[in-house]
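Everything on this sheet refers to the single structure shown next.
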Amino acid sequence: PRNEESSPAATLPQASGDSLSALVTAAPVDAPVEGTAVIEKQFLVGQSFNIIADSVAGDPDDTVVIGAHLDGVAEGPGVNDNGSGSAAVLALAEKIAASEVPNDKRIRLALWGAEEIGLLGSTAYVNDLVANDPAEWDRISSYLNYDMIGSENFTVGVYDADRSTFPADGVNIPEGSEAIEKIYTDYFDAIEQPWIDTEYSGRSDYQAFIDNGVPAGGLFSGADDIKTEEQAALFGGTAGVYMDRNYHTINDSLANVNRDSIDIFAPAIGYAAVALAWDAAAEPSPEPTEPSPEPTVEPT
């Protein structure tokens with residue numbers, strides 16, 4: 001007899017799941033349930049890497065880490081997941097380098113490898129510091145995570161560190177994370193930009209940081225959650241469908257990144273860096289940012 005302990009289980013890419021769902025839907029209601037599923041899995045050994053860069057300025061004994069994962073899934077180009085977050089980190093690096101006012105805290109920018117197969121890059125980085133250089137680990141005062149900020153049917157999501165919407169059962173949320181959430185929400189409130197809580201789930205590269213006591217926060221424009229009527233009223237887009245219908249598919253391309261979403265998230269990312277790494281943080285500005293140019297060539 002089958003039970004929870006003995007029943008086989010497997011996860012599938014979105015496209016494969018959609019194909020199976022269509023077959024089930026098309027089958028006659030009274031059709032007998034029978035058949036065989038063959039699941040083939042390969043275990044491959046490869047090498048990945050992280051890219052880490054420290055600011056020249058700033059107190060090295062107080063380090064703000066800001067990161068995004070650089071890899072994507074095999075099913076698609078991965079431009080929103082997570083070229084969008086990685087591009088934001090690179091743009092932030094340019095702004096930090098060009099700033100005439102040096103940052104007071106050291107800023108460490110990280111592009112993580114192998115996130116999609118188990119948060120491997122960020123976990124290896126954290127575990128290495130904790131085990132082999134605990135003094136350097138203790139210098140990290142906060143971590144900010146950016147994983148998808150250009151979803152085509154986006155919402156403006158802030159990690160819910162204070163559990164005001166999501167209980168975050170079983171997730172360790174270190175002291176100080178609520179203050180990071182408030183940096184984002186205060187910024188959005190000041191410029192009259194609607195926002196919502198997004199679950200503080202640990203399902204991205206902040207997991208290893210919070211597991212080891214570093215306060216963390218971040219932003220998220222949505223993936224495979226269904227957009228509600230209330231969210232569509234706040235942010236536009238289409239209710240009743242995924243926030244990113246291209247998530248983990250071949251259509252996660254430059255043409256399907258929502259530039260309006262990028263233009264909302266990018267200044268918030270810059271503001272959070274200033275709020276944490278500069279002693280004299282600027283007030284949020286209600287002035288609109290320059291719109292992102294439309295792409296002229298679709299990369300292959």
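Each chain of the structure tokens is named A, B, ... in the order shown, its residues numbered from 1; ligands are numbered from 1 in display order.
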Within range 48-254 of chain A, find each residue whose DSSP state, derived from the backbone, is strand (DSSP E or B), and express the selection as a compact mmCIF listing (two decimals) with N, CA, C and O atoms, in the first residue's frame.
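Output below, filename out_8.txt:
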# COMPACT_ATOMS: atom_id res chain seq x y z
N ILE A 51 31.20 35.87 -7.87
CA ILE A 51 31.97 37.08 -8.15
C ILE A 51 31.76 38.02 -6.98
O ILE A 51 30.63 38.41 -6.68
N ILE A 52 32.83 38.38 -6.28
CA ILE A 52 32.76 39.21 -5.08
C ILE A 52 33.62 40.45 -5.30
O ILE A 52 34.77 40.35 -5.74
N ALA A 53 33.08 41.63 -4.99
CA ALA A 53 33.84 42.87 -5.12
C ALA A 53 33.59 43.75 -3.91
O ALA A 53 32.44 43.96 -3.51
N ASP A 54 34.66 44.27 -3.31
CA ASP A 54 34.57 45.18 -2.17
C ASP A 54 34.80 46.61 -2.61
O ASP A 54 35.64 46.87 -3.48
N ASP A 59 34.34 51.52 6.16
CA ASP A 59 34.91 50.83 7.31
C ASP A 59 34.87 49.32 7.09
O ASP A 59 33.78 48.72 7.02
N PRO A 60 36.01 48.66 6.98
CA PRO A 60 36.00 47.21 6.73
C PRO A 60 35.47 46.40 7.90
O PRO A 60 35.15 45.21 7.73
N ASP A 61 35.34 47.02 9.07
CA ASP A 61 34.78 46.31 10.21
C ASP A 61 33.26 46.34 10.24
O ASP A 61 32.63 45.77 11.14
N ASP A 62 32.65 47.03 9.25
CA ASP A 62 31.19 47.10 9.15
C ASP A 62 30.84 46.98 7.68
O ASP A 62 30.91 47.96 6.93
N THR A 63 30.47 45.78 7.25
CA THR A 63 30.31 45.48 5.83
C THR A 63 28.85 45.19 5.49
O THR A 63 28.21 44.35 6.13
N VAL A 64 28.34 45.89 4.48
CA VAL A 64 27.01 45.64 3.94
C VAL A 64 27.18 44.81 2.67
O VAL A 64 27.84 45.23 1.73
N VAL A 65 26.60 43.62 2.65
CA VAL A 65 26.68 42.75 1.47
C VAL A 65 25.39 42.87 0.67
O VAL A 65 24.29 42.82 1.23
N ILE A 66 25.54 43.05 -0.63
CA ILE A 66 24.39 43.20 -1.54
C ILE A 66 24.58 42.20 -2.67
O ILE A 66 25.62 42.21 -3.34
N GLY A 67 23.60 41.31 -2.88
CA GLY A 67 23.84 40.24 -3.83
C GLY A 67 22.64 39.87 -4.68
O GLY A 67 21.48 40.22 -4.39
N ALA A 68 22.95 39.14 -5.76
CA ALA A 68 21.95 38.59 -6.67
C ALA A 68 22.56 37.36 -7.33
O ALA A 68 23.77 37.29 -7.52
N HIS A 69 21.72 36.40 -7.69
CA HIS A 69 22.31 35.21 -8.31
C HIS A 69 22.48 35.40 -9.81
O HIS A 69 21.65 36.00 -10.49
N LYS A 105 30.43 52.74 5.39
CA LYS A 105 30.61 51.32 5.63
C LYS A 105 31.14 50.68 4.35
O LYS A 105 30.86 51.14 3.25
N ARG A 106 31.89 49.61 4.50
CA ARG A 106 32.33 48.88 3.32
C ARG A 106 31.12 48.21 2.66
O ARG A 106 30.25 47.65 3.34
N ILE A 107 31.07 48.27 1.34
CA ILE A 107 30.02 47.60 0.57
C ILE A 107 30.64 46.43 -0.18
O ILE A 107 31.63 46.60 -0.90
N ARG A 108 30.08 45.28 -0.01
CA ARG A 108 30.53 44.08 -0.73
C ARG A 108 29.42 43.65 -1.69
O ARG A 108 28.31 43.34 -1.25
N LEU A 109 29.71 43.67 -2.98
CA LEU A 109 28.74 43.25 -3.98
C LEU A 109 29.04 41.81 -4.38
O LEU A 109 30.21 41.44 -4.58
N ALA A 110 27.99 41.00 -4.50
CA ALA A 110 28.16 39.58 -4.78
C ALA A 110 27.22 39.14 -5.89
O ALA A 110 26.03 39.46 -5.87
N LEU A 111 27.77 38.43 -6.86
CA LEU A 111 26.98 37.73 -7.87
C LEU A 111 27.18 36.24 -7.61
O LEU A 111 28.28 35.71 -7.76
N TRP A 112 26.09 35.58 -7.22
CA TRP A 112 26.19 34.20 -6.75
C TRP A 112 26.02 33.21 -7.90
O TRP A 112 25.18 33.39 -8.77
N ILE A 140 30.26 41.40 8.84
CA ILE A 140 29.09 41.59 7.98
C ILE A 140 27.89 41.97 8.85
O ILE A 140 27.48 41.21 9.73
N SER A 141 27.36 43.16 8.61
CA SER A 141 26.27 43.67 9.45
C SER A 141 24.89 43.50 8.82
O SER A 141 23.88 43.55 9.53
N SER A 142 24.81 43.29 7.50
CA SER A 142 23.51 43.14 6.86
C SER A 142 23.70 42.56 5.46
O SER A 142 24.79 42.63 4.87
N TYR A 143 22.62 41.99 4.94
CA TYR A 143 22.63 41.45 3.59
C TYR A 143 21.34 41.85 2.87
O TYR A 143 20.24 41.72 3.44
N LEU A 144 21.48 42.33 1.63
CA LEU A 144 20.34 42.69 0.79
C LEU A 144 20.32 41.79 -0.43
O LEU A 144 21.36 41.59 -1.08
N ASN A 145 19.15 41.26 -0.77
CA ASN A 145 19.03 40.27 -1.85
C ASN A 145 18.07 40.73 -2.94
O ASN A 145 16.97 41.21 -2.65
N TYR A 146 18.50 40.56 -4.20
CA TYR A 146 17.67 40.98 -5.33
C TYR A 146 17.57 39.84 -6.34
O TYR A 146 18.50 39.56 -7.08
N GLY A 157 7.11 43.88 -4.35
CA GLY A 157 7.14 43.08 -3.13
C GLY A 157 8.35 43.37 -2.27
O GLY A 157 9.47 43.48 -2.76
N VAL A 158 8.12 43.50 -0.95
CA VAL A 158 9.18 43.71 0.04
C VAL A 158 9.17 42.52 0.99
O VAL A 158 8.12 42.12 1.49
N TYR A 159 10.35 41.93 1.22
CA TYR A 159 10.43 40.78 2.12
C TYR A 159 9.80 41.11 3.47
O TYR A 159 10.20 42.08 4.14
N ILE A 196 3.59 45.72 -1.55
CA ILE A 196 2.98 44.65 -0.77
C ILE A 196 4.08 43.85 -0.08
O ILE A 196 5.25 43.92 -0.46
N ASP A 197 3.70 43.10 0.94
CA ASP A 197 4.63 42.15 1.54
C ASP A 197 4.79 40.96 0.61
O ASP A 197 3.84 40.51 -0.03
N THR A 198 6.01 40.44 0.54
CA THR A 198 6.26 39.16 -0.10
C THR A 198 6.90 38.24 0.92
O THR A 198 7.62 38.69 1.82
N ALA A 216 18.67 40.48 7.15
CA ALA A 216 18.60 40.52 5.69
C ALA A 216 17.24 41.05 5.24
O ALA A 216 16.24 40.98 5.96
N GLY A 217 17.23 41.58 4.04
CA GLY A 217 16.00 42.04 3.41
C GLY A 217 16.17 42.01 1.91
O GLY A 217 17.23 41.69 1.38
N GLY A 218 15.10 42.38 1.21
CA GLY A 218 15.20 42.39 -0.24
C GLY A 218 13.88 42.73 -0.89
O GLY A 218 12.87 42.98 -0.23
N LEU A 219 13.90 42.71 -2.22
CA LEU A 219 12.75 43.05 -3.04
C LEU A 219 12.50 41.94 -4.04
O LEU A 219 13.42 41.21 -4.43
N PHE A 220 11.24 41.85 -4.51
CA PHE A 220 10.86 40.75 -5.40
C PHE A 220 9.65 41.18 -6.21
O PHE A 220 8.66 41.67 -5.65
N ILE A 226 -0.20 33.77 -8.31
CA ILE A 226 -1.28 34.33 -9.12
C ILE A 226 -1.56 35.76 -8.67
O ILE A 226 -1.72 36.02 -7.47
N TYR A 242 -0.17 34.28 -13.59
CA TYR A 242 1.09 34.39 -12.87
C TYR A 242 1.65 35.82 -12.94
O TYR A 242 1.45 36.53 -13.92
For this session: Name the residues in contact with Ala124 in chain A at a cut-off of 12 Å, using only C-alpha atoms, excluding same-chain residues fewer than 6 positions from it; report them as a list in words.
Result: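 What passes the distance filter is Ser48, Phe49, Asn50, Trp112, Gly113, Ala114, Glu115, Gly118, Val130, Ala131, Asn132, Asp205, Gln207, Ala208 and Phe209 of chain A.
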For this session: Using backbone DSSP assignments, extract all alpha helix (DSSP H) residues from range 60-186 of chain A; output them as an MDAnalysis selection string.
Result: chainID A and resid 85:98 120:132 134:138 177:186
For this session: Please identify all polymer residues within 12 Å of Asn246 in chain A, counting only C-alpha atoms, omitting same-chain residues fewer than 6 positions from it, and present them as a list in words.
Result: Gln14, Ala15, Glu75, Gly76, Pro77, Gly78, Val79, Asn80, Asp81, Met148, Gly150, Ser151, Glu152, Asn153, Phe154, Gly222, Ala223, Asp224, Asp252, Ser253, Leu254, Ala255, Asn256, Val257 and Asn258 of chain A
With N, CA, C and O atoms retained, write the just-selected residues as an mmCIF file, in the first residue's frame.
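Written file, result_31.cif:
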data_model
loop_
_atom_site.group_PDB
_atom_site.id
_atom_site.type_symbol
_atom_site.label_atom_id
_atom_site.label_comp_id
_atom_site.auth_asym_id
_atom_site.auth_seq_id
_atom_site.Cartn_x
_atom_site.Cartn_y
_atom_site.Cartn_z
ATOM 1 N N GLN A 14 8.359 23.946 -15.203
ATOM 2 C CA GLN A 14 7.032 24.501 -15.445
ATOM 3 C C GLN A 14 6.427 23.992 -16.754
ATOM 4 O O GLN A 14 5.249 23.604 -16.813
ATOM 5 N N ALA A 15 7.223 23.971 -17.831
ATOM 6 C CA ALA A 15 6.690 23.567 -19.131
ATOM 7 C C ALA A 15 6.214 22.118 -19.109
ATOM 8 O O ALA A 15 5.160 21.785 -19.668
ATOM 9 N N GLU A 75 16.021 25.788 -18.879
ATOM 10 C CA GLU A 75 14.859 25.912 -19.755
ATOM 11 C C GLU A 75 14.777 27.237 -20.493
ATOM 12 O O GLU A 75 13.981 27.383 -21.420
ATOM 13 N N GLY A 76 15.552 28.245 -20.089
ATOM 14 C CA GLY A 76 15.403 29.533 -20.759
ATOM 15 C C GLY A 76 16.581 30.454 -20.541
ATOM 16 O O GLY A 76 17.531 30.121 -19.829
ATOM 17 N N PRO A 77 16.532 31.657 -21.152
ATOM 18 C CA PRO A 77 17.650 32.606 -21.078
ATOM 19 C C PRO A 77 17.876 33.191 -19.694
ATOM 20 O O PRO A 77 18.977 33.633 -19.379
ATOM 21 N N GLY A 78 16.832 33.246 -18.858
ATOM 22 C CA GLY A 78 17.006 33.733 -17.487
ATOM 23 C C GLY A 78 17.244 35.222 -17.381
ATOM 24 O O GLY A 78 17.984 35.668 -16.499
ATOM 25 N N VAL A 79 16.606 36.023 -18.231
ATOM 26 C CA VAL A 79 16.875 37.459 -18.210
ATOM 27 C C VAL A 79 16.229 38.134 -16.997
ATOM 28 O O VAL A 79 16.852 38.970 -16.343
ATOM 29 N N ASN A 80 15.003 37.763 -16.672
ATOM 30 C CA ASN A 80 14.433 38.298 -15.437
ATOM 31 C C ASN A 80 14.942 37.520 -14.233
ATOM 32 O O ASN A 80 15.292 38.109 -13.212
ATOM 33 N N ASP A 81 15.024 36.198 -14.362
ATOM 34 C CA ASP A 81 15.482 35.325 -13.277
ATOM 35 C C ASP A 81 16.822 34.697 -13.640
ATOM 36 O O ASP A 81 16.869 33.598 -14.164
ATOM 37 N N MET A 148 14.936 38.699 -9.115
ATOM 38 C CA MET A 148 13.811 39.016 -10.001
ATOM 39 C C MET A 148 13.187 40.366 -9.645
ATOM 40 O O MET A 148 12.471 40.501 -8.651
ATOM 41 N N GLY A 150 12.047 42.380 -12.565
ATOM 42 C CA GLY A 150 11.464 42.843 -13.822
ATOM 43 C C GLY A 150 10.361 41.948 -14.346
ATOM 44 O O GLY A 150 10.185 41.820 -15.564
ATOM 45 N N SER A 151 9.573 41.361 -13.471
ATOM 46 C CA SER A 151 8.522 40.425 -13.897
ATOM 47 C C SER A 151 7.471 41.136 -14.739
ATOM 48 O O SER A 151 7.070 42.261 -14.440
ATOM 49 N N GLU A 152 7.014 40.466 -15.800
ATOM 50 C CA GLU A 152 6.157 41.151 -16.770
ATOM 51 C C GLU A 152 4.788 41.505 -16.190
ATOM 52 O O GLU A 152 4.187 42.486 -16.594
ATOM 53 N N ASN A 153 4.292 40.765 -15.231
ATOM 54 C CA ASN A 153 3.007 41.049 -14.587
ATOM 55 C C ASN A 153 3.265 41.351 -13.113
ATOM 56 O O ASN A 153 2.686 40.768 -12.215
ATOM 57 N N PHE A 154 4.142 42.313 -12.882
ATOM 58 C CA PHE A 154 4.815 42.496 -11.593
ATOM 59 C C PHE A 154 3.926 43.030 -10.476
ATOM 60 O O PHE A 154 2.886 43.652 -10.696
ATOM 61 N N GLY A 222 7.860 39.115 -8.256
ATOM 62 C CA GLY A 222 6.879 38.048 -8.442
ATOM 63 C C GLY A 222 7.325 37.005 -9.445
ATOM 64 O O GLY A 222 8.051 37.290 -10.388
ATOM 65 N N ALA A 223 6.826 35.771 -9.234
ATOM 66 C CA ALA A 223 7.182 34.662 -10.130
ATOM 67 C C ALA A 223 5.937 33.851 -10.445
ATOM 68 O O ALA A 223 5.146 34.226 -11.311
ATOM 69 N N ASP A 224 5.735 32.741 -9.720
ATOM 70 C CA ASP A 224 4.637 31.842 -10.048
ATOM 71 C C ASP A 224 3.457 31.964 -9.090
ATOM 72 O O ASP A 224 2.649 31.049 -8.973
ATOM 73 N N ASP A 252 11.689 33.756 -20.971
ATOM 74 C CA ASP A 252 12.282 34.695 -20.015
ATOM 75 C C ASP A 252 13.424 35.432 -20.708
ATOM 76 O O ASP A 252 14.603 35.238 -20.423
ATOM 77 N N SER A 253 13.038 36.321 -21.613
ATOM 78 C CA SER A 253 13.979 37.001 -22.493
ATOM 79 C C SER A 253 13.946 38.504 -22.241
ATOM 80 O O SER A 253 13.092 39.016 -21.510
ATOM 81 N N LEU A 254 14.858 39.215 -22.878
ATOM 82 C CA LEU A 254 14.924 40.661 -22.720
ATOM 83 C C LEU A 254 13.631 41.331 -23.159
ATOM 84 O O LEU A 254 13.188 42.317 -22.558
ATOM 85 N N ALA A 255 12.996 40.779 -24.183
ATOM 86 C CA ALA A 255 11.758 41.374 -24.688
ATOM 87 C C ALA A 255 10.630 41.301 -23.672
ATOM 88 O O ALA A 255 9.682 42.100 -23.738
ATOM 89 N N ASN A 256 10.695 40.369 -22.713
ATOM 90 C CA ASN A 256 9.609 40.169 -21.764
ATOM 91 C C ASN A 256 9.908 40.699 -20.368
ATOM 92 O O ASN A 256 9.161 40.419 -19.434
ATOM 93 N N VAL A 257 10.991 41.447 -20.224
ATOM 94 C CA VAL A 257 11.241 42.130 -18.953
ATOM 95 C C VAL A 257 10.412 43.410 -18.915
ATOM 96 O O VAL A 257 10.380 44.177 -19.876
ATOM 97 N N ASN A 258 9.742 43.650 -17.796
ATOM 98 C CA ASN A 258 8.897 44.833 -17.667
ATOM 99 C C ASN A 258 9.749 46.024 -17.243
ATOM 100 O O ASN A 258 10.237 46.088 -16.109
#
For this session: List the neighbours of Thr155 in chain A out to 9 Å using only C-alpha atoms; skip same-chain residues closer than 5 positions along the sequence, and give me the result as a list of chain:residue names.
Result: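 Listed by chain and then number, they are A:Pro194, A:Trp195, A:Ile196, A:Phe220, A:Ser221, A:Gly222, A:Lys227, A:Gln231, A:Ala232, A:Leu234, A:Phe235, A:Gly236, A:Gly237, A:Met243, A:Ser261.
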Write the residues you've just listed into a file as a PDB file, in the first residue's frame, and include C-alpha atoms for each of them.
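Dumped to out_39.pdb:
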ATOM      1  CA  PRO A 194       2.221  51.092  -3.637  1.00  0.00           C
ATOM      2  CA  TRP A 195       3.928  47.975  -2.299  1.00  0.00           C
ATOM      3  CA  ILE A 196       2.984  44.646  -0.766  1.00  0.00           C
ATOM      4  CA  PHE A 220      10.860  40.748  -5.399  1.00  0.00           C
ATOM      5  CA  SER A 221       8.625  41.445  -8.408  1.00  0.00           C
ATOM      6  CA  GLY A 222       6.879  38.048  -8.442  1.00  0.00           C
ATOM      7  CA  LYS A 227      -1.927  38.073  -9.288  1.00  0.00           C
ATOM      8  CA  GLN A 231      -2.872  43.647  -6.774  1.00  0.00           C
ATOM      9  CA  ALA A 232      -3.877  44.442 -10.356  1.00  0.00           C
ATOM     10  CA  LEU A 234      -2.453  48.648  -7.317  1.00  0.00           C
ATOM     11  CA  PHE A 235       0.128  47.804  -9.972  1.00  0.00           C
ATOM     12  CA  GLY A 236      -1.727  47.277 -13.226  1.00  0.00           C
ATOM     13  CA  GLY A 237      -1.298  44.100 -15.229  1.00  0.00           C
ATOM     14  CA  MET A 243       3.092  37.460 -11.918  1.00  0.00           C
ATOM     15  CA  SER A 261       9.028  47.382 -12.909  1.00  0.00           C
TER      16      SER A 261
END
What are the nearest atom pairs, with distances in Å to one decimal, for all residues of range 179-265 of chain A that come at most 7 Å from range 163-170 of chain A, using only C-alpha atoms, set out by chain and rising residue number as a Markdown table?
| residue | atom | partner | partner_atom | distance |
| --- | --- | --- | --- | --- |
| A:Asp197 | CA | A:Thr165 | CA | 6.5 |
| A:Glu199 | CA | A:Phe166 | CA | 5.8 |
| A:Tyr200 | CA | A:Ala168 | CA | 6.0 |
| A:Ser201 | CA | A:Ala168 | CA | 6.2 |
Write out the residues from the selection above, keeping C-alpha atoms, as a tab-separated table (two decimals), in the first residue's frame.
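Generated output (result-v8.tsv):
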chain	number	residue	atom	x	y	z
A	197	ASP	CA	4.63	42.15	1.54
A	199	GLU	CA	6.96	36.04	1.91
A	200	TYR	CA	10.18	35.93	3.92
A	201	SER	CA	10.72	32.34	2.90
For this session: Find the residue from A:Glu116, A:Gly213, A:Asn103, A:Lys95 that sits nearest to Trp137 in chain A; use only C-alpha atoms when measuring.
Result: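 For Trp137 in chain A, the nearest of the candidates is A:Gly213.
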For this session: Quote the spacing between CA of Ile264 in chain A and CA of Ala280 in chain A in Å to one decimal place.
Result: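 Calculated distance between CA of Ile264 in chain A and CA of Ala280 in chain A is 23.1 Å.
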For this session: Pick out the residues sitting within 10 Å of Gly270 in chain A, and hand them over as a list in words; count only C-alpha atoms, and ignore anything fewer than 2 positions along from it in its own chain.
Result: Ala88, Val89, Ala91, Leu92, Ala93, Lys95, Ile96, Phe265, Ala266, Pro267, Ala268, Ala272, Ala273, Val274 and Ala275 of chain A
Please produce a file of those selected residues containing C-alpha atoms, as an mmCIF file, in the first residue's frame.
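Ended up saving to part.cif:
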data_model
loop_
_atom_site.group_PDB
_atom_site.id
_atom_site.type_symbol
_atom_site.label_atom_id
_atom_site.label_comp_id
_atom_site.auth_asym_id
_atom_site.auth_seq_id
_atom_site.Cartn_x
_atom_site.Cartn_y
_atom_site.Cartn_z
ATOM 1 C CA ALA A 88 20.874 46.012 -10.762
ATOM 2 C CA VAL A 89 23.926 45.020 -8.707
ATOM 3 C CA ALA A 91 24.438 49.344 -12.001
ATOM 4 C CA LEU A 92 24.820 49.918 -8.259
ATOM 5 C CA ALA A 93 28.551 49.207 -8.551
ATOM 6 C CA LYS A 95 26.990 54.428 -8.967
ATOM 7 C CA ILE A 96 29.130 53.610 -5.933
ATOM 8 C CA PHE A 265 12.888 48.791 -8.186
ATOM 9 C CA ALA A 266 16.250 50.219 -9.301
ATOM 10 C CA PRO A 267 16.023 53.522 -7.350
ATOM 11 C CA ALA A 268 14.803 51.603 -4.287
ATOM 12 C CA ALA A 272 18.621 51.035 0.491
ATOM 13 C CA ALA A 273 22.375 50.945 -0.167
ATOM 14 C CA VAL A 274 22.681 54.608 0.815
ATOM 15 C CA ALA A 275 20.519 54.138 3.902
#
